[in-house]
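Data file: upload31.tsv. Format and content: TSV, N, CA and C atoms.
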```tsv
chain	number	residue	atom	x	y	z
A	1	MET	N	52.00	-22.79	-25.08
A	1	MET	CA	53.37	-22.71	-25.56
A	1	MET	C	53.72	-21.26	-25.88
A	2	GLU	N	54.98	-20.92	-25.82
A	2	GLU	CA	55.46	-19.56	-26.04
A	2	GLU	C	55.35	-19.16	-27.51
A	3	LYS	N	54.81	-17.97	-27.75
A	3	LYS	CA	54.68	-17.45	-29.11
A	3	LYS	C	55.96	-16.70	-29.48
A	4	VAL	N	56.54	-17.04	-30.62
A	4	VAL	CA	57.72	-16.35	-31.11
A	4	VAL	C	57.31	-15.18	-32.01
A	5	ILE	N	56.34	-15.42	-32.87
A	5	ILE	CA	55.80	-14.38	-33.75
A	5	ILE	C	54.29	-14.34	-33.56
A	6	GLU	N	53.75	-13.14	-33.43
A	6	GLU	CA	52.31	-12.99	-33.31
A	6	GLU	C	51.86	-11.80	-34.16
A	7	CYS	N	50.98	-12.06	-35.10
A	7	CYS	CA	50.41	-11.02	-35.95
A	7	CYS	C	48.93	-10.90	-35.63
A	8	LYS	N	48.51	-9.69	-35.29
A	8	LYS	CA	47.12	-9.46	-34.90
A	8	LYS	C	46.48	-8.41	-35.80
A	9	ASN	N	45.41	-8.80	-36.46
A	9	ASN	CA	44.57	-7.88	-37.24
A	9	ASN	C	45.37	-7.00	-38.20
A	10	ILE	N	46.31	-7.61	-38.93
A	10	ILE	CA	47.13	-6.84	-39.87
A	10	ILE	C	46.31	-6.48	-41.09
A	11	THR	N	46.31	-5.19	-41.41
A	11	THR	CA	45.74	-4.70	-42.66
A	11	THR	C	46.84	-3.95	-43.37
A	12	HIS	N	47.02	-4.27	-44.65
A	12	HIS	CA	48.09	-3.63	-45.42
A	12	HIS	C	47.61	-3.34	-46.83
A	13	TYR	N	47.97	-2.17	-47.31
A	13	TYR	CA	47.63	-1.73	-48.67
A	13	TYR	C	48.90	-1.37	-49.42
A	14	TYR	N	48.89	-1.57	-50.73
A	14	TYR	CA	49.84	-0.94	-51.64
A	14	TYR	C	49.04	0.13	-52.36
A	15	GLY	N	49.26	1.37	-52.01
A	15	GLY	CA	48.41	2.43	-52.57
A	15	GLY	C	46.98	2.20	-52.13
A	16	GLU	N	46.10	2.01	-53.09
A	16	GLU	CA	44.70	1.72	-52.77
A	16	GLU	C	44.37	0.24	-52.84
A	17	LYS	N	45.35	-0.59	-53.23
A	17	LYS	CA	45.10	-2.02	-53.37
A	17	LYS	C	45.25	-2.72	-52.01
A	18	LEU	N	44.17	-3.35	-51.56
A	18	LEU	CA	44.17	-4.08	-50.30
A	18	LEU	C	44.93	-5.40	-50.47
A	19	ILE	N	45.92	-5.63	-49.61
A	19	ILE	CA	46.68	-6.87	-49.64
A	19	ILE	C	46.18	-7.81	-48.55
A	20	TYR	N	46.06	-7.31	-47.33
A	20	TYR	CA	45.54	-8.09	-46.20
A	20	TYR	C	44.50	-7.26	-45.47
A	21	GLU	N	43.51	-7.95	-44.92
A	21	GLU	CA	42.55	-7.30	-44.04
A	21	GLU	C	42.34	-8.20	-42.83
A	22	ASN	N	42.73	-7.71	-41.67
A	22	ASN	CA	42.58	-8.43	-40.40
A	22	ASN	C	43.24	-9.81	-40.42
A	23	LEU	N	44.46	-9.88	-40.94
A	23	LEU	CA	45.23	-11.13	-40.96
A	23	LEU	C	45.73	-11.44	-39.56
A	24	ASN	N	45.52	-12.66	-39.10
A	24	ASN	CA	45.97	-13.10	-37.78
A	24	ASN	C	46.69	-14.43	-37.92
A	25	PHE	N	47.86	-14.55	-37.29
A	25	PHE	CA	48.53	-15.84	-37.15
A	25	PHE	C	49.60	-15.72	-36.08
A	26	GLU	N	50.03	-16.86	-35.61
A	26	GLU	CA	51.11	-16.91	-34.63
A	26	GLU	C	51.99	-18.12	-34.91
A	27	VAL	N	53.24	-18.00	-34.50
A	27	VAL	CA	54.19	-19.10	-34.63
A	27	VAL	C	54.71	-19.39	-33.23
A	28	GLU	N	54.52	-20.62	-32.79
A	28	GLU	CA	54.97	-21.00	-31.46
A	28	GLU	C	56.42	-21.46	-31.51
A	29	LYS	N	57.11	-21.29	-30.40
A	29	LYS	CA	58.50	-21.70	-30.30
A	29	LYS	C	58.64	-23.18	-30.66
A	30	GLY	N	59.61	-23.48	-31.51
A	30	GLY	CA	59.86	-24.86	-31.92
A	30	GLY	C	59.03	-25.33	-33.09
A	31	LYS	N	58.13	-24.48	-33.59
A	31	LYS	CA	57.27	-24.84	-34.72
A	31	LYS	C	57.80	-24.22	-36.01
A	32	VAL	N	57.41	-24.79	-37.12
A	32	VAL	CA	57.78	-24.29	-38.43
A	32	VAL	C	56.52	-23.86	-39.15
A	33	LEU	N	56.57	-22.70	-39.80
A	33	LEU	CA	55.43	-22.19	-40.54
A	33	LEU	C	55.82	-22.05	-42.00
A	34	GLY	N	54.98	-22.53	-42.89
A	34	GLY	CA	55.20	-22.37	-44.32
A	34	GLY	C	54.17	-21.42	-44.89
A	35	LEU	N	54.60	-20.61	-45.84
A	35	LEU	CA	53.69	-19.69	-46.53
A	35	LEU	C	53.44	-20.23	-47.92
A	36	LEU	N	52.20	-20.59	-48.18
A	36	LEU	CA	51.83	-21.14	-49.47
A	36	LEU	C	50.74	-20.28	-50.10
A	37	GLY	N	50.77	-20.17	-51.41
A	37	GLY	CA	49.72	-19.44	-52.11
A	37	GLY	C	50.14	-19.10	-53.52
A	38	LYS	N	49.17	-18.67	-54.29
A	38	LYS	CA	49.40	-18.29	-55.67
A	38	LYS	C	50.27	-17.04	-55.73
A	39	ASN	N	50.80	-16.78	-56.92
A	39	ASN	CA	51.53	-15.53	-57.14
A	39	ASN	C	50.61	-14.35	-56.85
A	40	GLY	N	51.17	-13.35	-56.16
A	40	GLY	CA	50.40	-12.15	-55.89
A	40	GLY	C	49.50	-12.20	-54.68
A	41	THR	N	49.61	-13.25	-53.86
A	41	THR	CA	48.72	-13.36	-52.69
A	41	THR	C	49.30	-12.75	-51.42
A	42	GLY	N	50.56	-12.26	-51.46
A	42	GLY	CA	51.10	-11.55	-50.31
A	42	GLY	C	52.12	-12.30	-49.48
A	43	LYS	N	52.67	-13.39	-50.00
A	43	LYS	CA	53.68	-14.16	-49.24
A	43	LYS	C	54.92	-13.31	-48.96
A	44	THR	N	55.44	-12.68	-49.98
A	44	THR	CA	56.62	-11.84	-49.81
A	44	THR	C	56.29	-10.61	-48.98
A	45	THR	N	55.09	-10.09	-49.12
A	45	THR	CA	54.68	-8.92	-48.35
A	45	THR	C	54.72	-9.21	-46.86
A	46	ILE	N	54.26	-10.36	-46.42
A	46	ILE	CA	54.28	-10.66	-44.98
A	46	ILE	C	55.71	-10.76	-44.48
A	47	ILE	N	56.62	-11.30	-45.28
A	47	ILE	CA	58.03	-11.35	-44.89
A	47	ILE	C	58.57	-9.92	-44.78
A	48	ASN	N	58.25	-9.07	-45.75
A	48	ASN	CA	58.71	-7.68	-45.72
A	48	ASN	C	58.13	-6.93	-44.52
A	49	LEU	N	56.91	-7.23	-44.13
A	49	LEU	CA	56.33	-6.62	-42.93
A	49	LEU	C	57.06	-7.10	-41.67
A	50	LEU	N	57.33	-8.39	-41.61
A	50	LEU	CA	58.05	-8.94	-40.45
A	50	LEU	C	59.46	-8.37	-40.33
A	51	MET	N	60.09	-8.09	-41.46
A	51	MET	CA	61.45	-7.54	-41.48
A	51	MET	C	61.46	-6.02	-41.34
A	52	ARG	N	60.28	-5.40	-41.28
A	52	ARG	CA	60.10	-3.95	-41.15
A	52	ARG	C	60.53	-3.17	-42.38
A	53	PHE	N	60.56	-3.83	-43.53
A	53	PHE	CA	60.79	-3.10	-44.77
A	53	PHE	C	59.56	-2.25	-45.11
A	54	TYR	N	58.38	-2.72	-44.66
A	54	TYR	CA	57.12	-1.99	-44.81
A	54	TYR	C	56.50	-1.83	-43.43
A	55	ASP	N	55.65	-0.83	-43.28
A	55	ASP	CA	54.86	-0.65	-42.06
A	55	ASP	C	53.44	-1.14	-42.33
A	56	VAL	N	52.83	-1.77	-41.33
A	56	VAL	CA	51.44	-2.18	-41.47
A	56	VAL	C	50.55	-0.95	-41.39
A	57	ASN	N	49.44	-0.97	-42.11
A	57	ASN	CA	48.49	0.14	-42.04
A	57	ASN	C	47.72	0.10	-40.73
A	58	SER	N	47.41	-1.10	-40.26
A	58	SER	CA	46.79	-1.26	-38.94
A	58	SER	C	47.08	-2.66	-38.44
A	59	GLY	N	46.91	-2.85	-37.15
A	59	GLY	CA	47.23	-4.13	-36.52
A	59	GLY	C	48.61	-4.08	-35.90
A	60	SER	N	49.07	-5.24	-35.42
A	60	SER	CA	50.37	-5.28	-34.76
A	60	SER	C	51.09	-6.58	-35.05
A	61	ILE	N	52.42	-6.49	-35.01
A	61	ILE	CA	53.28	-7.66	-35.16
A	61	ILE	C	54.25	-7.64	-33.98
A	62	SER	N	54.34	-8.75	-33.28
A	62	SER	CA	55.31	-8.84	-32.19
A	62	SER	C	56.19	-10.07	-32.38
A	63	VAL	N	57.44	-9.92	-31.97
A	63	VAL	CA	58.41	-11.00	-32.01
A	63	VAL	C	58.92	-11.18	-30.59
A	64	GLU	N	58.75	-12.38	-30.08
A	64	GLU	CA	59.11	-12.71	-28.70
A	64	GLU	C	58.53	-11.70	-27.72
A	65	GLY	N	57.27	-11.30	-27.97
A	65	GLY	CA	56.54	-10.43	-27.06
A	65	GLY	C	56.81	-8.95	-27.21
A	66	THR	N	57.70	-8.55	-28.12
A	66	THR	CA	58.03	-7.14	-28.33
A	66	THR	C	57.45	-6.68	-29.66
A	67	ASP	N	56.71	-5.58	-29.63
A	67	ASP	CA	56.18	-5.01	-30.87
A	67	ASP	C	57.34	-4.63	-31.76
A	68	ILE	N	57.28	-5.02	-33.04
A	68	ILE	CA	58.43	-4.77	-33.93
A	68	ILE	C	58.66	-3.28	-34.15
A	69	ARG	N	57.66	-2.45	-33.93
A	69	ARG	CA	57.86	-1.00	-34.08
A	69	ARG	C	58.78	-0.45	-33.00
A	70	ASP	N	58.94	-1.21	-31.90
A	70	ASP	CA	59.81	-0.78	-30.81
A	70	ASP	C	61.22	-1.33	-30.95
A	71	MET	N	61.47	-2.13	-31.98
A	71	MET	CA	62.79	-2.73	-32.19
A	71	MET	C	63.64	-1.84	-33.09
A	72	THR	N	64.95	-1.85	-32.85
A	72	THR	CA	65.86	-1.09	-33.72
A	72	THR	C	66.41	-1.99	-34.80
```
Just dump the structure as structure tokens.
Amino acid sequence: MEKVIECKNITHYYGEKLIYENLNFEVEKGKVLGLLGKNGTGKTTIINLLMRFYDVNSGSISVEGTDIRDMT
């Protein structure tokens, strides 16, 4: 099935605090993904990364096959 969102090996820090290390997930077309977790586990951070409010320290995020760093 076609991937709409694909996150590969995302590592993200706030200063020296590690938020994610090698996070991987994908969302297929027509599927729904929920983000669940305790406060402070990075749910809002992943949304901010997808929206390009923050840059990932390493790894890649693509939407419909295009790396988000190449999007305006």
task: Any chance you could list, as a PyMOL selection string, the residues in chain A that come up strand (DSSP E) when DSSP is run on the backbone?
output: chain A and resi 3-14+17-28+58-63+66-67
message: Show me, as a VMD selection string, the residues that have an atom within 6.5 Å of Asn9 in chain A when counting only N, CA and C atoms, minus same-chain residues fewer than 5 positions from it.
response: chain A and resid 21 to 25 58 to 60
query: Could you name the residues that touch range 29-45 of chain A at 7 Å or less, counting only N, CA and C atoms, but leaving out those on the same chain fewer than 2 positions away, as a VMD selection string?
result: chain A and resid 1 to 5 19 27 47 to 50
query: Smallest atom-to-atom distance to Val63 in chain A: which of A:Thr11, A:Glu6, A:Glu28, A:Leu18, using only N, CA and C atoms?
result: A:Glu6
- request: Mind giving me the straight-line distance from atom C of Thr72 in chain A to atom N of Lys8 in chain A in Å, one decimal?
  value: 19.5 Å
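Within chain A, DSSP applied to the backbone places the following residues in alpha helix (DSSP H): Lys43, Thr44, Thr45, Ile46, Ile47, Asn48, Leu49 and Leu50 of chain A.
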message: Report, in Å with one decimal, the straight-line distance from atom C of His12 in chain A to CA of Glu64 in chain A.
response: 23.4 Å
field: Gap from CA of Asp70 in chain A to CA of Lys17 in chain A - Å, one decimal
entry: 27.0 Å
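For the residues A:Glu26, A:Glu16, A:Arg52, A:Ile46, ranking by smallest atom-to-atom distance to Ile68 in chain A using only N, CA and C atoms places A:Arg52 first.
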Complete the atoms of range 26-37 of chain A to all heavy atoms and put them out as a compact mmCIF listing (two decimals), in the coordinates of the input.
```
# COMPACT_ATOMS: atom_id res chain seq x y z
N GLU A 26 50.03 -16.86 -35.61
CA GLU A 26 51.11 -16.91 -34.63
C GLU A 26 51.99 -18.12 -34.91
O GLU A 26 51.54 -19.09 -35.52
CB GLU A 26 50.57 -16.96 -33.21
CG GLU A 26 49.65 -18.12 -32.95
CD GLU A 26 48.95 -18.02 -31.61
OE1 GLU A 26 48.49 -16.92 -31.24
OE2 GLU A 26 48.86 -19.06 -30.92
N VAL A 27 53.24 -18.00 -34.50
CA VAL A 27 54.19 -19.10 -34.63
C VAL A 27 54.71 -19.39 -33.23
O VAL A 27 55.24 -18.49 -32.57
CB VAL A 27 55.36 -18.74 -35.57
CG1 VAL A 27 56.33 -19.91 -35.68
CG2 VAL A 27 54.85 -18.34 -36.94
N GLU A 28 54.52 -20.62 -32.79
CA GLU A 28 54.97 -21.00 -31.46
C GLU A 28 56.42 -21.46 -31.51
O GLU A 28 56.90 -21.95 -32.54
CB GLU A 28 54.09 -22.12 -30.91
CG GLU A 28 52.66 -21.67 -30.67
CD GLU A 28 51.77 -22.78 -30.14
OE1 GLU A 28 52.19 -23.95 -30.14
OE2 GLU A 28 50.65 -22.46 -29.72
N LYS A 29 57.11 -21.29 -30.40
CA LYS A 29 58.50 -21.70 -30.30
C LYS A 29 58.64 -23.18 -30.66
O LYS A 29 57.85 -24.02 -30.21
CB LYS A 29 59.01 -21.46 -28.87
CG LYS A 29 60.48 -21.70 -28.70
CD LYS A 29 60.92 -21.30 -27.31
CE LYS A 29 62.42 -21.45 -27.19
NZ LYS A 29 62.90 -20.96 -25.88
N GLY A 30 59.61 -23.48 -31.51
CA GLY A 30 59.86 -24.86 -31.92
C GLY A 30 59.03 -25.33 -33.09
O GLY A 30 59.19 -26.44 -33.56
N LYS A 31 58.13 -24.48 -33.59
CA LYS A 31 57.27 -24.84 -34.72
C LYS A 31 57.80 -24.22 -36.01
O LYS A 31 58.52 -23.24 -35.99
CB LYS A 31 55.83 -24.36 -34.50
CG LYS A 31 55.18 -24.91 -33.26
CD LYS A 31 54.88 -26.37 -33.40
CE LYS A 31 54.21 -26.88 -32.14
NZ LYS A 31 53.79 -28.25 -32.25
N VAL A 32 57.41 -24.79 -37.12
CA VAL A 32 57.78 -24.29 -38.43
C VAL A 32 56.52 -23.86 -39.15
O VAL A 32 55.51 -24.55 -39.11
CB VAL A 32 58.51 -25.38 -39.25
CG1 VAL A 32 58.82 -24.89 -40.66
CG2 VAL A 32 59.78 -25.82 -38.54
N LEU A 33 56.57 -22.70 -39.80
CA LEU A 33 55.43 -22.19 -40.54
C LEU A 33 55.82 -22.05 -42.00
O LEU A 33 56.88 -21.51 -42.31
CB LEU A 33 55.02 -20.81 -40.00
CG LEU A 33 53.94 -20.07 -40.77
CD1 LEU A 33 52.59 -20.74 -40.56
CD2 LEU A 33 53.88 -18.62 -40.34
N GLY A 34 54.98 -22.53 -42.89
CA GLY A 34 55.20 -22.37 -44.32
C GLY A 34 54.17 -21.42 -44.89
O GLY A 34 53.03 -21.40 -44.46
N LEU A 35 54.60 -20.61 -45.84
CA LEU A 35 53.69 -19.69 -46.53
C LEU A 35 53.44 -20.23 -47.92
O LEU A 35 54.36 -20.33 -48.73
CB LEU A 35 54.31 -18.29 -46.61
CG LEU A 35 54.60 -17.59 -45.29
CD1 LEU A 35 55.35 -16.28 -45.54
CD2 LEU A 35 53.31 -17.32 -44.54
N LEU A 36 52.20 -20.59 -48.18
CA LEU A 36 51.83 -21.14 -49.47
C LEU A 36 50.74 -20.28 -50.10
O LEU A 36 49.90 -19.73 -49.40
CB LEU A 36 51.28 -22.56 -49.30
CG LEU A 36 52.20 -23.58 -48.64
CD1 LEU A 36 51.45 -24.88 -48.40
CD2 LEU A 36 53.42 -23.82 -49.48
N GLY A 37 50.77 -20.17 -51.41
CA GLY A 37 49.72 -19.44 -52.11
C GLY A 37 50.14 -19.10 -53.52
O GLY A 37 51.30 -19.24 -53.90
```
